[in-house]
Amino acid sequence: MELINRPRRLRRNKILRDLVAENRIDPGKMIMPYFISEKGTHRMEVNSMPGIFRDPADTFPEIFKSDFDLGIDKIMLFGVVDHKDDKASMADHKDNPVIQVISKLKEQYGDKIFVATDICLCEYTSSGHCGLIKNQRIDNDSTLPRLAEMAIAHVHAGADCIGPSDMMDGRVGFIRDALEETGHPDTIILAYTAKYASSYYGPFRDAADSAPQFGDRKSYQMDFRNRREALKEMQLDLEEGADMVMVKPALAYLDVIHACRELSPVPVAAYNVSGEYTMVKLMAKAGAANEQDMVTENLTSIFRAGADIILTYHVRDILKNGWADV
Ligand code: PBG
Ligand code: ZN
């Protein structure tokens, strides 16, 4: 048999496969999310997310030290509070656990860590919705000033980057203006640009206690039937002053990551969300597949689709077990 083209030649052994590999997972391009609660002294494992915790604000800086020593230096913070009301009062309150933690971390680590925070009201509203309610609807325009107040409070505390994840129209521009007006021209905005209404956020809502108390998020988060709409969102976020754009979730949206990457002049992030993490953990626990293999396949695929940056709950496991080194 004469075959001139034999793609298997380059797959013959590991050393060759490593030589020709087009993509690798790079933990330096990953951001690890954390849930910070206002109460308690001990970390509490999230029921639906094995290996992920709610960490008390008081002890987080101490708890975080071992992660920092492992090499985790880019983080995204979410807050968990008891008091919720219709104005999301806790979002920018001085006792907010995220605000507390930002200043402590920045005092301790300065520019050795990159601190991003999630800007959204759902962790703080009694409705569990990402915006304020007016006439039984999630009201766009009255939500914008609250988001800006929340963002400014985080930036005052020392946040390097804020990530608006609410999906209200015009929020990137509104926050950008507020940052300029308050003398924060260098704050980075990582916009949750193409954030889809997804069932893969289920475990997160358990972790952050942020499930909507009525209805769903489909009147503000994107419809998963649409891709071109993501490009429209991206165009707006860029015009409004976003420094980086994000697609979320990641695995069921690789085509959207790819489409954004093709047209984006700025870095494209992808959020490998809670449900994607939990699926891997549950499959591994059931003995249905190897965890390391699933994690490397998933994250490599997200990079291959075009992501420059990945937010993922797997970072600690990757570094601890050296999964990126093989
Ligand atoms: C807040 C927010 C959510 C996530 C990130 N920011 C939840 C939601 O929109 O319901 C989800 C992250 C994850 O699932 O890991 N709006
Ligand atoms: Zn929200």
# chains A, B, ... in the order shown; residues from 1 in each chain; ligands from 1

$ closest_atom_pairs --of "chain A" --to "ligand 2" --cutoff "8 Å" --atoms "only C-alpha atoms and all ligand atoms" --output "tab-separated table"
residue	atom	partner	partner_atom_place_in_ligand_line	distance
A:Ile119	CA	ligand 2	1 (Zn)	7.8
A:Cys120	CA	ligand 2	1 (Zn)	4.6
A:Leu121	CA	ligand 2	1 (Zn)	5.5
A:Cys122	CA	ligand 2	1 (Zn)	4.2
A:Glu123	CA	ligand 2	1 (Zn)	6.8
A:Gly128	CA	ligand 2	1 (Zn)	7.7
A:His129	CA	ligand 2	1 (Zn)	6.2
A:Cys130	CA	ligand 2	1 (Zn)	3.8
A:Gly131	CA	ligand 2	1 (Zn)	7.5
A:Ser165	CA	ligand 2	1 (Zn)	6.0
A:Asp166	CA	ligand 2	1 (Zn)	4.9
A:Ser210	CA	ligand 2	1 (Zn)	7.5

$ select_by_dssp --residues "stretch 79-202 of chain A" --states "strand (DSSP E or B)" --output "NGL selection string"
:A and (79-80 or 85 or 114-119 or 125 or 132-134 or 137-139 or 161-164 or 188-196)

$ closest_atom_pairs --of "chain A" --to "ligand 1" --cutoff "8 Å" --atoms "only C-alpha atoms and all ligand atoms" --output "Markdown table"
| residue | atom | partner | partner_atom_place_in_ligand_line | distance |
| --- | --- | --- | --- | --- |
| A:Phe78 | CA | ligand 1 | 6 (N) | 7.8 |
| A:Asp118 | CA | ligand 1 | 6 (N) | 6.2 |
| A:Ile119 | CA | ligand 1 | 1 (C) | 7.5 |
| A:Cys120 | CA | ligand 1 | 16 (N) | 5.5 |
| A:Leu121 | CA | ligand 1 | 16 (N) | 7.3 |
| A:Cys122 | CA | ligand 1 | 16 (N) | 6.0 |
| A:Glu123 | CA | ligand 1 | 1 (C) | 7.2 |
| A:Cys130 | CA | ligand 1 | 16 (N) | 5.9 |
| A:Ser165 | CA | ligand 1 | 16 (N) | 5.1 |
| A:Asp166 | CA | ligand 1 | 16 (N) | 5.3 |
| A:Lys195 | CA | ligand 1 | 9 (O) | 7.9 |
| A:Ala197 | CA | ligand 1 | 9 (O) | 7.4 |
| A:Ser198 | CA | ligand 1 | 10 (O) | 7.9 |
| A:Tyr200 | CA | ligand 1 | 14 (O) | 6.0 |
| A:Tyr201 | CA | ligand 1 | 14 (O) | 3.4 |
| A:Gly202 | CA | ligand 1 | 14 (O) | 6.4 |
| A:Pro203 | CA | ligand 1 | 14 (O) | 6.4 |
| A:Phe204 | CA | ligand 1 | 14 (O) | 4.4 |
| A:Arg205 | CA | ligand 1 | 7 (C) | 6.1 |
| A:Ser210 | CA | ligand 1 | 10 (O) | 6.9 |
| A:Ala211 | CA | ligand 1 | 10 (O) | 6.7 |
| A:Pro212 | CA | ligand 1 | 10 (O) | 7.9 |
| A:Arg217 | CA | ligand 1 | 10 (O) | 7.4 |
| A:Gln221 | CA | ligand 1 | 9 (O) | 7.7 |
| A:Pro249 | CA | ligand 1 | 14 (O) | 7.6 |
| A:Tyr271 | CA | ligand 1 | 15 (O) | 7.2 |
| A:Asn272 | CA | ligand 1 | 15 (O) | 6.9 |
| A:Val273 | CA | ligand 1 | 15 (O) | 3.5 |
| A:Ser274 | CA | ligand 1 | 15 (O) | 3.6 |
| A:Gly275 | CA | ligand 1 | 14 (O) | 6.1 |
| A:Thr312 | CA | ligand 1 | 15 (O) | 7.9 |
| A:Tyr313 | CA | ligand 1 | 15 (O) | 7.9 |

$ write_last_selection --atoms "N, CA and C atoms" --output "mmCIF file, in the first residue's frame"
data_model
loop_
_atom_site.group_PDB
_atom_site.id
_atom_site.type_symbol
_atom_site.label_atom_id
_atom_site.label_comp_id
_atom_site.auth_asym_id
_atom_site.auth_seq_id
_atom_site.Cartn_x
_atom_site.Cartn_y
_atom_site.Cartn_z
ATOM 1 N N PHE A 78 -16.335 36.734 44.815
ATOM 2 C CA PHE A 78 -17.792 36.829 44.927
ATOM 3 C C PHE A 78 -18.159 36.929 46.399
ATOM 4 N N ASP A 118 -16.547 40.421 40.937
ATOM 5 C CA ASP A 118 -17.783 40.316 40.161
ATOM 6 C C ASP A 118 -18.700 41.470 40.562
ATOM 7 N N ILE A 119 -19.182 42.192 39.575
ATOM 8 C CA ILE A 119 -20.101 43.299 39.853
ATOM 9 C C ILE A 119 -21.499 42.890 39.401
ATOM 10 N N CYS A 120 -22.355 42.588 40.387
ATOM 11 C CA CYS A 120 -23.718 42.169 40.097
ATOM 12 C C CYS A 120 -24.508 42.264 41.393
ATOM 13 N N LEU A 121 -25.828 42.471 41.272
ATOM 14 C CA LEU A 121 -26.607 42.656 42.494
ATOM 15 C C LEU A 121 -27.232 41.372 43.029
ATOM 16 N N CYS A 122 -27.185 40.262 42.262
ATOM 17 C CA CYS A 122 -27.974 39.081 42.661
ATOM 18 C C CYS A 122 -27.545 38.465 43.993
ATOM 19 N N GLU A 123 -26.299 38.711 44.411
ATOM 20 C CA GLU A 123 -25.873 38.196 45.716
ATOM 21 C C GLU A 123 -26.458 39.036 46.862
ATOM 22 N N CYS A 130 -30.401 40.076 39.231
ATOM 23 C CA CYS A 130 -29.159 40.837 39.025
ATOM 24 C C CYS A 130 -29.398 42.339 38.948
ATOM 25 N N SER A 165 -21.307 41.541 35.651
ATOM 26 C CA SER A 165 -21.871 40.272 35.164
ATOM 27 C C SER A 165 -23.391 40.310 35.142
ATOM 28 N N ASP A 166 -23.947 41.510 35.264
ATOM 29 C CA ASP A 166 -25.399 41.680 35.411
ATOM 30 C C ASP A 166 -26.181 41.628 34.112
ATOM 31 N N LYS A 195 -22.928 36.683 28.132
ATOM 32 C CA LYS A 195 -23.283 35.830 29.268
ATOM 33 C C LYS A 195 -24.663 35.255 28.997
ATOM 34 N N ALA A 197 -28.074 32.812 29.541
ATOM 35 C CA ALA A 197 -28.935 32.251 30.581
ATOM 36 C C ALA A 197 -28.706 30.740 30.541
ATOM 37 N N SER A 198 -28.052 30.214 31.567
ATOM 38 C CA SER A 198 -27.564 28.842 31.481
ATOM 39 C C SER A 198 -27.888 28.027 32.715
ATOM 40 N N TYR A 200 -26.007 25.784 33.659
ATOM 41 C CA TYR A 200 -24.701 25.438 34.232
ATOM 42 C C TYR A 200 -24.263 26.357 35.378
ATOM 43 N N TYR A 201 -25.100 27.357 35.715
ATOM 44 C CA TYR A 201 -24.772 28.206 36.874
ATOM 45 C C TYR A 201 -25.355 27.631 38.170
ATOM 46 N N GLY A 202 -26.036 26.511 38.070
ATOM 47 C CA GLY A 202 -26.717 25.943 39.241
ATOM 48 C C GLY A 202 -25.856 25.852 40.494
ATOM 49 N N PRO A 203 -24.689 25.192 40.437
ATOM 50 C CA PRO A 203 -23.878 25.052 41.649
ATOM 51 C C PRO A 203 -23.390 26.406 42.199
ATOM 52 N N PHE A 204 -23.135 27.362 41.310
ATOM 53 C CA PHE A 204 -22.723 28.705 41.754
ATOM 54 C C PHE A 204 -23.798 29.336 42.630
ATOM 55 N N ARG A 205 -25.047 29.174 42.221
ATOM 56 C CA ARG A 205 -26.132 29.822 42.973
ATOM 57 C C ARG A 205 -26.269 29.192 44.347
ATOM 58 N N SER A 210 -27.566 32.850 45.537
ATOM 59 C CA SER A 210 -28.021 33.928 44.654
ATOM 60 C C SER A 210 -29.055 33.483 43.633
ATOM 61 N N ALA A 211 -29.817 32.418 43.970
ATOM 62 C CA ALA A 211 -30.829 31.954 43.014
ATOM 63 C C ALA A 211 -31.973 32.961 42.951
ATOM 64 N N PRO A 212 -32.518 33.219 41.743
ATOM 65 C CA PRO A 212 -33.655 34.136 41.662
ATOM 66 C C PRO A 212 -34.859 33.569 42.437
ATOM 67 N N ARG A 217 -33.576 34.318 34.551
ATOM 68 C CA ARG A 217 -32.761 35.466 34.151
ATOM 69 C C ARG A 217 -32.830 35.731 32.637
ATOM 70 N N GLN A 221 -30.056 37.913 30.625
ATOM 71 C CA GLN A 221 -28.958 37.094 30.098
ATOM 72 C C GLN A 221 -29.343 36.593 28.701
ATOM 73 N N PRO A 249 -21.301 30.496 29.701
ATOM 74 C CA PRO A 249 -20.268 29.506 30.008
ATOM 75 C C PRO A 249 -19.280 29.296 28.858
ATOM 76 N N TYR A 271 -15.417 31.826 30.767
ATOM 77 C CA TYR A 271 -15.686 31.373 32.130
ATOM 78 C C TYR A 271 -16.135 29.905 32.090
ATOM 79 N N ASN A 272 -15.246 29.053 32.566
ATOM 80 C CA ASN A 272 -15.534 27.623 32.712
ATOM 81 C C ASN A 272 -16.333 27.502 34.024
ATOM 82 N N VAL A 273 -17.659 27.546 33.896
ATOM 83 C CA VAL A 273 -18.517 27.822 35.055
ATOM 84 C C VAL A 273 -18.709 26.646 36.015
ATOM 85 N N SER A 274 -19.417 26.954 37.087
ATOM 86 C CA SER A 274 -19.598 25.996 38.183
ATOM 87 C C SER A 274 -20.145 24.636 37.727
ATOM 88 N N GLY A 275 -21.165 24.658 36.864
ATOM 89 C CA GLY A 275 -21.775 23.397 36.436
ATOM 90 C C GLY A 275 -20.818 22.559 35.600
ATOM 91 N N THR A 312 -11.540 29.580 35.928
ATOM 92 C CA THR A 312 -11.904 28.196 36.206
ATOM 93 C C THR A 312 -11.624 27.802 37.650
ATOM 94 N N TYR A 313 -12.512 26.955 38.174
ATOM 95 C CA TYR A 313 -12.377 26.458 39.548
ATOM 96 C C TYR A 313 -11.323 25.359 39.657
#

$ residues_around --residues "stretch 171-184 of chain A" --least-positions-apart "2" --cutoff "7 Å" --atoms "only C-alpha atoms" --output "count of residues only"
11

$ atom_distance --atom1 "atom CA of A:Val280" --atom2 "atom CA of A:Phe214"
29.3 Å

$ decode --residues "stretch 261-277 of chain A" --atoms "N, CA and C atoms" --output "mmCIF file, in the first residue's frame"
data_model
loop_
_atom_site.group_PDB
_atom_site.id
_atom_site.type_symbol
_atom_site.label_atom_id
_atom_site.label_comp_id
_atom_site.auth_asym_id
_atom_site.auth_seq_id
_atom_site.Cartn_x
_atom_site.Cartn_y
_atom_site.Cartn_z
ATOM 1 N N ARG A 261 -13.297 35.870 19.358
ATOM 2 C CA ARG A 261 -11.854 35.965 19.175
ATOM 3 C C ARG A 261 -11.474 36.487 17.778
ATOM 4 N N GLU A 262 -12.242 36.052 16.779
ATOM 5 C CA GLU A 262 -11.967 36.476 15.406
ATOM 6 C C GLU A 262 -12.078 37.987 15.251
ATOM 7 N N LEU A 263 -13.001 38.587 15.992
ATOM 8 C CA LEU A 263 -13.299 40.007 15.781
ATOM 9 C C LEU A 263 -12.828 40.922 16.895
ATOM 10 N N SER A 264 -12.369 40.334 18.013
ATOM 11 C CA SER A 264 -12.036 41.183 19.159
ATOM 12 C C SER A 264 -10.619 41.733 19.090
ATOM 13 N N PRO A 265 -10.473 43.057 19.235
ATOM 14 C CA PRO A 265 -9.133 43.630 19.321
ATOM 15 C C PRO A 265 -8.556 43.532 20.731
ATOM 16 N N VAL A 266 -9.367 43.069 21.698
ATOM 17 C CA VAL A 266 -8.908 42.984 23.096
ATOM 18 C C VAL A 266 -8.929 41.515 23.539
ATOM 19 N N PRO A 267 -8.250 41.206 24.660
ATOM 20 C CA PRO A 267 -8.239 39.810 25.128
ATOM 21 C C PRO A 267 -9.650 39.256 25.371
ATOM 22 N N VAL A 268 -9.822 37.993 25.016
ATOM 23 C CA VAL A 268 -11.101 37.318 25.206
ATOM 24 C C VAL A 268 -10.949 36.300 26.345
ATOM 25 N N ALA A 269 -11.791 36.454 27.363
ATOM 26 C CA ALA A 269 -11.798 35.492 28.466
ATOM 27 C C ALA A 269 -12.984 34.550 28.297
ATOM 28 N N ALA A 270 -12.883 33.370 28.884
ATOM 29 C CA ALA A 270 -14.011 32.444 28.897
ATOM 30 C C ALA A 270 -14.176 31.959 30.328
ATOM 31 N N TYR A 271 -15.417 31.826 30.767
ATOM 32 C CA TYR A 271 -15.686 31.373 32.130
ATOM 33 C C TYR A 271 -16.135 29.905 32.090
ATOM 34 N N ASN A 272 -15.246 29.053 32.566
ATOM 35 C CA ASN A 272 -15.534 27.623 32.712
ATOM 36 C C ASN A 272 -16.333 27.502 34.024
ATOM 37 N N VAL A 273 -17.659 27.546 33.896
ATOM 38 C CA VAL A 273 -18.517 27.822 35.055
ATOM 39 C C VAL A 273 -18.709 26.646 36.015
ATOM 40 N N SER A 274 -19.417 26.954 37.087
ATOM 41 C CA SER A 274 -19.598 25.996 38.183
ATOM 42 C C SER A 274 -20.145 24.636 37.727
ATOM 43 N N GLY A 275 -21.165 24.658 36.864
ATOM 44 C CA GLY A 275 -21.775 23.397 36.436
ATOM 45 C C GLY A 275 -20.818 22.559 35.600
ATOM 46 N N GLU A 276 -19.955 23.232 34.857
ATOM 47 C CA GLU A 276 -18.956 22.518 34.051
ATOM 48 C C GLU A 276 -17.936 21.851 34.977
ATOM 49 N N TYR A 277 -17.609 22.554 36.049
ATOM 50 C CA TYR A 277 -16.692 22.021 37.058
ATOM 51 C C TYR A 277 -17.316 20.805 37.749
#
